[in-house]
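A.B. asks: So here's upload04.cif, just mmCIF, C-alpha atoms:
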data_input
loop_
_atom_site.label_atom_id
_atom_site.label_comp_id
_atom_site.auth_asym_id
_atom_site.auth_seq_id
_atom_site.Cartn_x
_atom_site.Cartn_y
_atom_site.Cartn_z
CA MET I 1 -129.14 -83.14 66.80
CA ALA I 2 -129.02 -86.18 69.05
CA ILE I 3 -128.06 -87.00 72.61
CA LEU I 4 -125.61 -89.86 73.01
CA ASN I 5 -125.67 -91.53 76.41
CA ILE I 6 -122.59 -93.60 77.16
CA THR I 7 -122.48 -96.13 80.00
CA TYR I 8 -119.06 -97.52 80.81
CA ASN I 9 -117.51 -98.99 83.92
CA GLY I 10 -120.64 -98.24 85.95
CA MET I 11 -120.74 -94.56 84.97
CA SER I 12 -123.29 -93.01 82.64
CA ALA I 13 -123.39 -89.58 81.02
CA ASP I 14 -124.92 -87.68 78.10
CA TYR I 15 -123.02 -86.14 75.20
CA PRO I 16 -124.71 -83.88 72.61
CA LEU I 17 -124.08 -85.01 69.05
CA ASP I 18 -124.41 -82.16 66.58
CA VAL I 19 -124.84 -84.21 63.45
CA ASP I 20 -127.52 -84.08 60.80
CA HIS I 21 -126.85 -87.44 59.18
CA ALA I 22 -127.55 -90.98 60.31
CA LEU I 23 -124.72 -92.59 62.26
CA SER I 24 -124.00 -96.29 62.04
CA ASP I 25 -123.41 -98.37 65.16
CA ARG I 26 -119.72 -98.41 64.21
CA ASP I 27 -119.68 -94.61 64.02
CA ILE I 28 -121.31 -94.39 67.46
CA ARG I 29 -118.73 -96.72 69.02
CA ARG I 30 -115.84 -94.81 67.43
CA ILE I 31 -117.20 -91.46 68.58
CA ALA I 32 -117.69 -92.83 72.10
CA VAL I 33 -114.06 -93.95 72.32
CA GLU I 34 -112.88 -90.48 71.29
CA VAL I 35 -115.27 -88.71 73.68
CA VAL I 36 -114.22 -90.82 76.66
CA ARG I 37 -110.52 -90.47 75.82
CA SER I 38 -110.77 -86.73 75.49
CA GLY I 39 -112.72 -86.18 78.71
CA GLY I 40 -115.80 -84.93 76.91
CA LEU I 41 -118.03 -86.69 79.43
CA ARG I 42 -118.27 -85.48 82.99
CA GLY I 43 -116.74 -88.03 85.36
CA LEU I 44 -115.74 -90.40 82.60
CA ARG I 45 -112.26 -89.70 81.22
CA ILE I 46 -109.97 -92.59 80.31
CA ALA I 47 -107.07 -91.35 78.21
CA ASN I 48 -105.80 -94.81 77.30
CA LEU I 49 -109.18 -96.37 76.50
CA SER I 50 -108.87 -99.25 74.04
CA ASP I 51 -110.06 -98.76 70.45
CA ARG I 52 -112.24 -101.82 71.00
CA ALA I 53 -113.70 -100.85 74.38
CA PHE I 54 -117.25 -100.67 73.01
CA ASP I 55 -117.10 -103.48 70.44
CA ALA I 56 -119.47 -105.71 72.46
CA TYR I 57 -121.78 -102.87 73.45
CA VAL I 58 -125.33 -102.38 72.21
CA VAL I 59 -126.58 -99.24 70.46
CA ASP I 60 -130.22 -98.35 71.21
CA ARG I 61 -131.98 -95.53 69.38
CA PHE I 62 -135.18 -93.85 70.53
CA ASP I 63 -137.11 -91.00 68.98
CA THR I 64 -138.72 -88.78 71.57
CA PRO I 65 -141.52 -86.50 70.37
CA GLY I 66 -140.51 -82.86 70.60
CA SER I 67 -136.90 -83.43 71.57
CA ALA I 68 -133.61 -84.72 70.23
CA ARG I 69 -133.14 -88.34 69.27
CA ARG I 70 -131.68 -90.36 72.14
CA ILE I 71 -128.91 -92.86 71.44
CA TYR I 72 -127.75 -95.19 74.19
CA LEU I 73 -124.45 -97.05 74.07
CA ARG I 74 -124.67 -99.65 76.81
CA PRO I 75 -123.34 -103.03 77.97
CA LYS I 76 -125.25 -106.11 76.97
CA VAL I 77 -127.76 -107.54 79.44
CA PRO I 78 -128.09 -110.01 81.05
CA PHE I 79 -124.80 -111.39 79.76
CA GLY I 80 -122.05 -109.64 77.86
CA ALA I 81 -119.74 -106.79 78.79
CA VAL I 82 -117.34 -109.25 80.40
CA PRO I 83 -113.77 -107.95 80.26
CA MET H 84 -160.56 -107.92 91.92
CA ASN H 85 -156.85 -107.22 92.30
CA LYS H 86 -154.71 -107.62 89.21
CA ARG H 87 -152.57 -110.72 88.81
CA ILE H 88 -148.83 -110.20 88.39
CA LEU H 89 -146.74 -113.08 87.12
CA PHE H 90 -143.02 -112.92 87.94
CA CYS H 91 -140.99 -115.06 85.54
CA GLY H 92 -137.62 -115.83 87.06
CA VAL H 93 -137.15 -115.20 90.78
CA GLY H 94 -133.37 -115.20 90.97
CA ALA H 95 -131.30 -112.11 91.69
CA LEU H 96 -133.52 -109.42 90.18
CA GLY H 97 -136.84 -111.26 90.35
CA SER H 98 -136.71 -112.34 93.99
CA HIS H 99 -135.86 -108.84 95.25
CA ALA H 100 -138.49 -107.26 92.96
CA VAL H 101 -141.17 -109.59 94.36
CA VAL H 102 -140.21 -108.64 97.92
CA LEU H 103 -140.39 -104.94 97.01
CA CYS H 104 -143.80 -105.40 95.34
CA ARG H 105 -145.29 -107.22 98.31
CA ASN H 106 -147.41 -104.25 99.47
CA LEU H 107 -149.10 -103.76 96.10
CA PRO H 108 -152.80 -104.54 95.85
CA ALA H 109 -152.25 -107.49 93.54
CA ARG H 110 -152.27 -111.27 93.33
CA PHE H 111 -148.79 -112.71 92.87
CA ALA H 112 -147.66 -115.74 90.87
CA LEU H 113 -144.04 -116.87 90.70
CA VAL H 114 -142.36 -119.04 88.08
CA ASP H 115 -138.88 -120.53 88.32
CA GLU H 116 -137.57 -124.03 87.70
CA ASP H 117 -134.31 -123.67 89.67
CA ARG H 118 -133.52 -124.67 93.20
CA VAL H 119 -131.98 -122.42 95.82
CA GLU H 120 -128.24 -123.07 96.23
CA SER H 121 -126.22 -121.75 99.14
CA LYS H 122 -124.40 -119.26 96.86
CA ASN H 123 -127.80 -117.80 95.88
CA THR H 124 -128.29 -116.45 99.39
CA LEU H 125 -125.45 -113.98 98.62
CA SER H 126 -127.28 -112.14 95.87
CA GLN H 127 -130.90 -113.26 95.98
CA ALA H 128 -133.69 -112.74 98.51
CA PHE H 129 -133.51 -116.31 99.83
CA VAL H 130 -132.69 -117.24 103.41
CA LYS H 131 -130.70 -120.28 104.54
CA PRO H 132 -133.70 -122.50 105.39
CA SER H 133 -134.77 -122.16 101.73
CA ILE H 134 -131.63 -123.88 100.42
CA GLY H 135 -132.59 -126.95 98.41
CA LYS H 136 -136.16 -125.82 97.74
CA ASN H 137 -137.52 -124.75 94.38
CA LYS H 138 -137.06 -120.96 94.09
CA ALA H 139 -140.70 -120.17 93.33
CA GLU H 140 -141.90 -122.37 96.22
CA ALA H 141 -139.25 -121.00 98.56
CA LEU H 142 -140.18 -117.38 97.82
CA LYS H 143 -143.86 -118.19 98.22
CA LEU H 144 -143.12 -119.63 101.68
CA GLN H 145 -140.95 -116.65 102.66
CA LEU H 146 -143.66 -114.17 101.56
CA ALA H 147 -146.22 -116.04 103.63
CA SER H 148 -144.11 -116.55 106.75
CA PHE H 149 -142.41 -113.11 106.87
CA TRP H 150 -145.22 -110.84 105.71
CA GLY H 151 -148.39 -112.90 105.42
CA VAL H 152 -148.50 -112.33 101.66
CA LYS H 153 -150.03 -115.08 99.54
CA ALA H 154 -148.64 -116.16 96.18
CA GLU H 155 -148.91 -119.01 93.72
CA ALA H 156 -145.75 -120.89 92.75
CA PHE H 157 -144.90 -122.82 89.60
CA GLY H 158 -141.62 -124.71 89.64
CA VAL H 159 -141.40 -125.20 85.91
CA ARG H 160 -139.46 -123.90 82.90
CA VAL H 161 -141.34 -121.47 80.67
CA GLY H 162 -141.32 -122.59 77.06
CA GLU H 163 -143.39 -122.29 73.91
CA ASP H 164 -145.45 -125.30 75.02
CA ASN H 165 -146.65 -123.86 78.33
CA VAL H 166 -146.27 -120.07 78.10
CA ALA H 167 -149.94 -119.51 77.29
CA THR H 168 -151.06 -121.69 80.22
CA LEU H 169 -148.73 -120.02 82.69
CA CYS H 170 -149.21 -116.43 81.53
CA GLY H 171 -152.79 -116.56 80.26
CA ALA H 172 -154.42 -115.33 83.47
CA ALA H 173 -151.86 -112.59 84.12
CA ASP H 174 -152.68 -108.89 83.86
CA LEU H 175 -148.99 -108.06 83.93
CA VAL H 176 -145.94 -110.23 83.27
CA VAL H 177 -142.53 -109.40 84.74
CA ASP H 178 -139.51 -110.92 83.02
CA ALA H 179 -136.44 -111.36 85.20
CA PHE H 180 -135.08 -114.38 83.40
CA ASP H 181 -131.35 -114.76 82.88
CA ASN H 182 -131.29 -115.85 79.25
CA ALA H 183 -132.35 -114.49 75.88
CA LYS H 184 -134.28 -117.59 74.79
CA SER H 185 -136.79 -117.45 77.64
CA ARG H 186 -137.14 -113.69 77.25
CA ARG H 187 -137.98 -114.18 73.59
CA VAL H 188 -140.67 -116.79 74.43
CA LEU H 189 -142.32 -114.33 76.81
CA SER H 190 -142.00 -111.42 74.39
CA ASP H 191 -143.52 -113.34 71.47
CA TRP H 192 -146.43 -114.49 73.63
CA ALA H 193 -147.07 -111.08 75.18
CA LYS H 194 -147.22 -109.40 71.76
CA LYS H 195 -149.79 -111.93 70.55
CA ALA H 196 -151.84 -111.82 73.75
CA GLN H 197 -151.44 -108.03 74.12
CA THR H 198 -150.53 -108.49 77.76
CA PRO H 199 -148.21 -105.88 79.35
CA LEU H 200 -144.70 -107.24 79.83
CA VAL H 201 -141.76 -105.54 81.51
CA HIS H 202 -138.19 -106.83 81.38
CA ALA H 203 -135.32 -106.34 83.78
CA ALA H 204 -131.72 -107.34 83.23
CA ILE H 205 -128.23 -106.81 84.60
CA SER H 206 -124.88 -106.88 82.85
CA ALA H 207 -122.54 -109.71 83.81
CA ASP H 208 -119.99 -107.37 85.36
CA GLY H 209 -122.62 -105.90 87.70
CA THR H 210 -122.19 -102.29 86.60
CA PHE H 211 -125.36 -101.71 84.64
CA GLY H 212 -129.00 -102.74 84.41
CA LEU H 213 -132.13 -102.05 82.43
CA VAL H 214 -135.85 -101.97 83.07
CA ARG H 215 -137.59 -101.86 79.73
CA TRP H 216 -141.16 -102.48 78.59
CA ASP H 217 -141.63 -104.98 75.82
CA GLU H 218 -142.55 -102.35 73.23
CA ARG H 219 -138.93 -101.16 73.33
CA PHE H 220 -137.03 -104.29 74.33
CA VAL H 221 -134.89 -106.51 72.16
CA PRO H 222 -133.21 -109.38 74.04
CA ASP H 223 -129.42 -109.15 73.74
CA GLU H 224 -127.64 -112.21 72.46
CA GLU H 225 -125.18 -114.04 74.70
CA ASP H 226 -121.52 -113.56 73.77
CA ALA H 227 -120.98 -117.27 74.44
CA PRO H 228 -123.43 -120.06 75.29
CA ASP H 229 -124.02 -120.54 79.02
CA GLN H 230 -121.96 -117.52 79.88
CA ALA H 231 -121.72 -117.00 83.63
CA THR H 232 -124.43 -114.82 85.10
CA CYS H 233 -124.06 -112.15 87.73
CA GLU H 234 -124.24 -114.32 90.84
CA GLY H 235 -121.68 -112.92 93.24
CA GLY H 236 -122.68 -111.21 96.45
CA GLU H 237 -120.42 -108.30 95.55
CA HIS H 238 -123.08 -107.03 93.12
CA LEU H 239 -125.93 -107.04 95.64
CA PRO H 240 -126.26 -103.21 95.89
CA ILE H 241 -126.84 -102.71 92.15
CA ILE H 242 -129.06 -105.80 92.01
CA GLY H 243 -131.15 -104.11 94.69
CA ALA H 244 -131.19 -100.83 92.73
CA ILE H 245 -132.37 -102.53 89.53
CA ALA H 246 -134.98 -104.57 91.44
CA ALA H 247 -136.23 -101.35 93.05
CA ALA H 248 -136.49 -99.65 89.64
CA LEU H 249 -138.41 -102.68 88.38
CA ALA H 250 -140.76 -102.67 91.37
CA ARG H 251 -141.34 -98.94 90.87
CA ALA H 252 -142.20 -99.54 87.20
CA VAL H 253 -144.67 -102.28 88.22
CA GLU H 254 -146.25 -100.06 90.85
CA GLU H 255 -146.57 -97.13 88.46
CA HIS H 256 -148.14 -99.33 85.80
CA LEU H 257 -150.67 -100.72 88.26
CA THR H 258 -151.69 -97.28 89.48
CA SER H 259 -151.61 -95.21 86.26
CA GLY H 260 -151.06 -97.59 83.36
CA ALA H 261 -147.76 -95.88 82.48
CA LYS H 262 -144.91 -97.88 81.02
CA ARG H 263 -141.72 -96.17 82.11
CA ASP H 264 -138.26 -97.51 81.26
CA ALA H 265 -135.22 -97.03 83.48
CA MET H 266 -131.48 -97.43 83.12
CA VAL H 267 -129.46 -98.18 86.25
CA SER H 268 -125.72 -97.58 86.57
CA LEU H 269 -123.44 -97.18 89.55
CA SER H 270 -124.01 -93.43 89.25
CA GLY H 271 -127.78 -93.63 89.56
CA VAL H 272 -131.12 -94.39 87.97
CA THR H 273 -132.13 -92.64 84.74
CA LEU H 274 -135.71 -92.76 83.47
CA THR H 275 -135.37 -93.17 79.72
CA ALA H 276 -138.74 -93.56 77.98
CA THR H 277 -142.45 -93.67 78.79
CA SER H 278 -145.58 -94.79 76.99
#
How does this structure look as structure tokens?
C.D. replies:
Amino acid sequence: MAILNITYNGMSADYPLDVDHALSDRDIRRIAVEVVRSGGLRGLRIANLSDRAFDAYVVDRFDTPGSARRIYLRPKVPFGAVP
Amino acid sequence: MNKRILFCGVGALGSHAVVLCRNLPARFALVDEDRVESKNTLSQAFVKPSIGKNKAEALKLQLASFWGVKAEAFGVRVGEDNVATLCGAADLVVDAFDNAKSRRVLSDWAKKAQTPLVHAAISADGTFGLVRWDERFVPDEEDAPDQATCEGGEHLPIIGAIAAALARAVEEHLTSGAKRDAMVSLSGVTLTATS
């Protein structure tokens, strides 16, 4: 079990990932595209989102004691994420 | 004796964070090699009479004249050759630089010196920012060399939000020793990790 947090276009939301195997960064980006397209995230539904929308995004992973692993898909800082 | 906080980079995020930290019981030191340009007054905490001055010196003068707060100013670039001299006396280092190379210099030094270091950064499109302690921070690479930074006045509200999250992290560390990360988007501030 993991929580995937997706930040896109200034919005940020959590999505529970019910997987028991390690996901690659590529897997995370692909899942995020599908979740955003399908409206799986509150306030963040873009039906025609590009397949490559998250190609330049960074995947951060944190283990939190006693709770699910947190995965953040976020724009690069301080540069990056330029359309 | 009050703790010494060294702010590295007093541009968009750094200048506002310094202003928001001004009431803390601390000694302030500011480092920045740039000069204030007129466009900087759109997104940074500088006022028109500061145009043309070194940013660290200008902010030092503003702190003194507006609020009577004293600070030291160093108008130099931070590199491997001087990082130990500049940061050696600091109890806490705040990284608000705008490039990965300088962030890496600070990070490498802080790990060796075991000095607390907190980073803040904003995405170029002005929709997202991070406050992250060095234990969990990896500087992102630039997509292209010398890529434009977030300088426009249109991003001032989120710059202020990230600077406030940074100032809050500094304040919390000074009072309790906690190292709390934050993620800032247009929809709000999320606290993400603590140590």
A.B. asks: Quick one: everything within 8 Å of range 144-161 of chain H, counting all atoms listed in the file, minus sequence neighbours fewer than 3 positions away in the same chain. Send it as a PDB file with C-alpha atoms, in the frame of the given file.
C.D. replies:
ATOM      1  CA  VAL H 102    -140.210-108.640  97.920  1.00  0.00           C
ATOM      2  CA  ARG H 105    -145.290-107.220  98.310  1.00  0.00           C
ATOM      3  CA  ARG H 110    -152.270-111.270  93.330  1.00  0.00           C
ATOM      4  CA  PHE H 111    -148.790-112.710  92.870  1.00  0.00           C
ATOM      5  CA  ALA H 112    -147.660-115.740  90.870  1.00  0.00           C
ATOM      6  CA  LEU H 113    -144.040-116.870  90.700  1.00  0.00           C
ATOM      7  CA  VAL H 114    -142.360-119.040  88.080  1.00  0.00           C
ATOM      8  CA  ASP H 115    -138.880-120.530  88.320  1.00  0.00           C
ATOM      9  CA  GLU H 116    -137.570-124.030  87.700  1.00  0.00           C
ATOM     10  CA  ASP H 117    -134.310-123.670  89.670  1.00  0.00           C
ATOM     11  CA  PHE H 129    -133.510-116.310  99.830  1.00  0.00           C
ATOM     12  CA  ASN H 137    -137.520-124.750  94.380  1.00  0.00           C
ATOM     13  CA  LYS H 138    -137.060-120.960  94.090  1.00  0.00           C
ATOM     14  CA  ALA H 139    -140.700-120.170  93.330  1.00  0.00           C
ATOM     15  CA  GLU H 140    -141.900-122.370  96.220  1.00  0.00           C
ATOM     16  CA  ALA H 141    -139.250-121.000  98.560  1.00  0.00           C
ATOM     17  CA  ASP H 164    -145.450-125.300  75.020  1.00  0.00           C
ATOM     18  CA  ASN H 165    -146.650-123.860  78.330  1.00  0.00           C
ATOM     19  CA  VAL H 166    -146.270-120.070  78.100  1.00  0.00           C
ATOM     20  CA  LEU H 169    -148.730-120.020  82.690  1.00  0.00           C
ATOM     21  CA  SER H 185    -136.790-117.450  77.640  1.00  0.00           C
ATOM     22  CA  VAL H 188    -140.670-116.790  74.430  1.00  0.00           C
TER      23      VAL H 188
END
A.B. asks: Please determine the contact residues of chain H with respect to chain I at a cut-off of 12 Å, counting all atoms listed in the file, and supply them as number ranges by chain.
C.D. replies: H: 95-96, 178-186, 202-215, 218-234, 238, 241-242, 264, 266-273, 275-278
A.B. asks: Can you tell me how far CA of Pro65 in chain I sits from CA of Ile3 in chain I, in Å to one decimal?
C.D. replies: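 Separation of CA of Pro65 in chain I and CA of Ile3 in chain I: 13.7 Å.
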A.B. asks: Check which residues satisfy the PyMOL selection byres ((chain H and resi 248-254) around 6) in the file shown, then give them as an mmCIF file with C-alpha atoms, in the frame of the given file.
C.D. replies:
data_model
loop_
_atom_site.group_PDB
_atom_site.id
_atom_site.type_symbol
_atom_site.label_atom_id
_atom_site.label_comp_id
_atom_site.auth_asym_id
_atom_site.auth_seq_id
_atom_site.Cartn_x
_atom_site.Cartn_y
_atom_site.Cartn_z
ATOM 1 C CA ALA H 100 -138.490 -107.260 92.960
ATOM 2 C CA CYS H 104 -143.800 -105.400 95.340
ATOM 3 C CA VAL H 214 -135.850 -101.970 83.070
ATOM 4 C CA ILE H 245 -132.370 -102.530 89.530
ATOM 5 C CA ALA H 246 -134.980 -104.570 91.440
ATOM 6 C CA ALA H 247 -136.230 -101.350 93.050
ATOM 7 C CA GLU H 255 -146.570 -97.130 88.460
ATOM 8 C CA HIS H 256 -148.140 -99.330 85.800
ATOM 9 C CA LEU H 257 -150.670 -100.720 88.260
#
A.B. asks: Using only the atoms of range 62-71 of chain I listed in the file, plus 4 Å on each side, state the axis-aligned box centre and edge lengths in Å rounded to one decimal, as AutoDock Vina command-line options.
C.D. replies:
--center_x -135.2 --center_y -88.4 --center_z 70.6 --size_x 20.6 --size_y 19.0 --size_z 11.2
A.B. asks: Can you tell me how far CA of Val201 in chain H sits from CA of Val59 in chain I, in Å to one decimal?
C.D. replies: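 Interatomic distance here is 19.8 Å.
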A.B. asks: Enumerate, as a list of chain:residue names, the residues matched when the PyMOL selection byres ((chain I and resi 37) around 8) is run on the file above.
C.D. replies: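 Listing what the PyMOL selection byres ((chain I and resi 37) around 8) selects in the shown file: I:Val33, I:Glu34, I:Val35, I:Val36, I:Ser38, I:Gly39, I:Gly40, I:Arg45, I:Ile46, I:Ala47, I:Asn48, I:Leu49.
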A.B. asks: The selected residues should be written to file as a PDB file, keeping the file's coordinate frame (atoms: C-alpha atoms).
C.D. replies:
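File written: selection_30.pdb
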ATOM      1  CA  VAL I  33    -114.060 -93.950  72.320  1.00  0.00           C
ATOM      2  CA  GLU I  34    -112.880 -90.480  71.290  1.00  0.00           C
ATOM      3  CA  VAL I  35    -115.270 -88.710  73.680  1.00  0.00           C
ATOM      4  CA  VAL I  36    -114.220 -90.820  76.660  1.00  0.00           C
ATOM      5  CA  SER I  38    -110.770 -86.730  75.490  1.00  0.00           C
ATOM      6  CA  GLY I  39    -112.720 -86.180  78.710  1.00  0.00           C
ATOM      7  CA  GLY I  40    -115.800 -84.930  76.910  1.00  0.00           C
ATOM      8  CA  ARG I  45    -112.260 -89.700  81.220  1.00  0.00           C
ATOM      9  CA  ILE I  46    -109.970 -92.590  80.310  1.00  0.00           C
ATOM     10  CA  ALA I  47    -107.070 -91.350  78.210  1.00  0.00           C
ATOM     11  CA  ASN I  48    -105.800 -94.810  77.300  1.00  0.00           C
ATOM     12  CA  LEU I  49    -109.180 -96.370  76.500  1.00  0.00           C
TER      13      LEU I  49
END
A.B. asks: Pick out the closest residue to Glu120 in chain H from this set: H:Lys195, H:Thr258, H:Ile134, H:Asp174. Count all atoms listed in the file.
C.D. replies: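 Checking each of H:Lys195, H:Thr258, H:Ile134, H:Asp174 against Glu120 in chain H, counting all atoms listed in the file, the winner is H:Ile134.
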A.B. asks: Would you write out, as a PyMOL selection string, every residue that the PyMOL selection byres ((chain H and resi 173) around 10) captures in this file?
C.D. replies: chain H and resi 86-90+110-112+167-172+174-177+198-200
A.B. asks: Could you write those residues out with C-alpha atoms, as a PDB file, in the frame of the given file?
C.D. replies:
ATOM      1  CA  LYS H  86    -154.710-107.620  89.210  1.00  0.00           C
ATOM      2  CA  ARG H  87    -152.570-110.720  88.810  1.00  0.00           C
ATOM      3  CA  ILE H  88    -148.830-110.200  88.390  1.00  0.00           C
ATOM      4  CA  LEU H  89    -146.740-113.080  87.120  1.00  0.00           C
ATOM      5  CA  PHE H  90    -143.020-112.920  87.940  1.00  0.00           C
ATOM      6  CA  ARG H 110    -152.270-111.270  93.330  1.00  0.00           C
ATOM      7  CA  PHE H 111    -148.790-112.710  92.870  1.00  0.00           C
ATOM      8  CA  ALA H 112    -147.660-115.740  90.870  1.00  0.00           C
ATOM      9  CA  ALA H 167    -149.940-119.510  77.290  1.00  0.00           C
ATOM     10  CA  THR H 168    -151.060-121.690  80.220  1.00  0.00           C
ATOM     11  CA  LEU H 169    -148.730-120.020  82.690  1.00  0.00           C
ATOM     12  CA  CYS H 170    -149.210-116.430  81.530  1.00  0.00           C
ATOM     13  CA  GLY H 171    -152.790-116.560  80.260  1.00  0.00           C
ATOM     14  CA  ALA H 172    -154.420-115.330  83.470  1.00  0.00           C
ATOM     15  CA  ASP H 174    -152.680-108.890  83.860  1.00  0.00           C
ATOM     16  CA  LEU H 175    -148.990-108.060  83.930  1.00  0.00           C
ATOM     17  CA  VAL H 176    -145.940-110.230  83.270  1.00  0.00           C
ATOM     18  CA  VAL H 177    -142.530-109.400  84.740  1.00  0.00           C
ATOM     19  CA  THR H 198    -150.530-108.490  77.760  1.00  0.00           C
ATOM     20  CA  PRO H 199    -148.210-105.880  79.350  1.00  0.00           C
ATOM     21  CA  LEU H 200    -144.700-107.240  79.830  1.00  0.00           C
TER      22      LEU H 200
END
A.B. asks: Just how far from CA of His99 in chain H is CA of Ser121 in chain H, in Å to one decimal?
C.D. replies: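 Between these atoms lies a distance of 16.6 Å.
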A.B. asks: Do you know which residues are at most 7 Å from Asp14 in chain I counting all atoms listed in the file, after dropping those on the same chain fewer than 6 positions away, and could you put them as a ChimeraX atom specification?
C.D. replies: /I:3-6
A.B. asks: Let me see the file: selected residues, C-alpha atoms, as a PDB file, in the frame of the given file.
C.D. replies:
ATOM      1  CA  ILE I   3    -128.060 -87.000  72.610  1.00  0.00           C
ATOM      2  CA  LEU I   4    -125.610 -89.860  73.010  1.00  0.00           C
ATOM      3  CA  ASN I   5    -125.670 -91.530  76.410  1.00  0.00           C
ATOM      4  CA  ILE I   6    -122.590 -93.600  77.160  1.00  0.00           C
TER       5      ILE I   6
END
A.B. asks: My list of candidates is H:Met84, H:Leu107, H:Leu125, H:Ala265. Which is closest to Ala244 in chain H when distances are computed with only C-alpha atoms?
C.D. replies: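 Selected residue with least distance to Ala244 in chain H: H:Ala265.
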A.B. asks: Which residue is closest to Arg118 in chain H? Choose from H:Leu103, H:Lys262, H:Val130, H:Gly135 and count all atoms listed in the file.
C.D. replies: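 Closest to Arg118 in chain H, using all atoms listed in the file: H:Gly135.
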A.B. asks: Step by step: locate range 3-15 of chain I in the block above, keep N, CA and C atoms, then write the file as a short mmCIF file (atom, residue, chain, number, x, y, z; two decimals), in the first residue's frame.
C.D. replies:
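Saved the output as result-v1.cif:
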data_model
loop_
_atom_site.label_atom_id
_atom_site.label_comp_id
_atom_site.auth_asym_id
_atom_site.auth_seq_id
_atom_site.Cartn_x
_atom_site.Cartn_y
_atom_site.Cartn_z
N ILE I 3 0.73 5.78 -0.85
CA ILE I 3 -0.07 6.96 -1.20
C ILE I 3 0.72 7.73 -2.25
N LEU I 4 0.10 7.92 -3.40
CA LEU I 4 0.73 8.70 -4.47
C LEU I 4 0.15 10.11 -4.44
N ASN I 5 1.02 11.09 -4.25
CA ASN I 5 0.59 12.49 -4.31
C ASN I 5 1.02 13.05 -5.65
N ILE I 6 0.05 13.60 -6.38
CA ILE I 6 0.33 14.16 -7.71
C ILE I 6 0.11 15.66 -7.66
N THR I 7 1.12 16.42 -8.09
CA THR I 7 0.99 17.87 -8.20
C THR I 7 1.06 18.22 -9.68
N TYR I 8 0.03 18.88 -10.17
CA TYR I 8 0.01 19.26 -11.58
C TYR I 8 -0.79 20.54 -11.75
N ASN I 9 -0.24 21.45 -12.50
CA ASN I 9 -0.95 22.69 -12.81
C ASN I 9 -1.40 23.43 -11.55
N GLY I 10 -0.55 23.37 -10.52
CA GLY I 10 -0.85 24.10 -9.28
C GLY I 10 -1.76 23.37 -8.32
N MET I 11 -2.30 22.22 -8.73
CA MET I 11 -3.17 21.44 -7.85
C MET I 11 -2.39 20.24 -7.32
N SER I 12 -2.79 19.78 -6.14
CA SER I 12 -2.10 18.66 -5.52
C SER I 12 -3.12 17.79 -4.81
N ALA I 13 -3.02 16.46 -5.00
CA ALA I 13 -3.97 15.56 -4.35
C ALA I 13 -3.35 14.18 -4.17
N ASP I 14 -3.90 13.44 -3.20
CA ASP I 14 -3.42 12.09 -2.91
C ASP I 14 -4.25 11.05 -3.63
N TYR I 15 -3.60 9.93 -3.98
CA TYR I 15 -4.30 8.81 -4.60
C TYR I 15 -3.74 7.52 -3.97
#
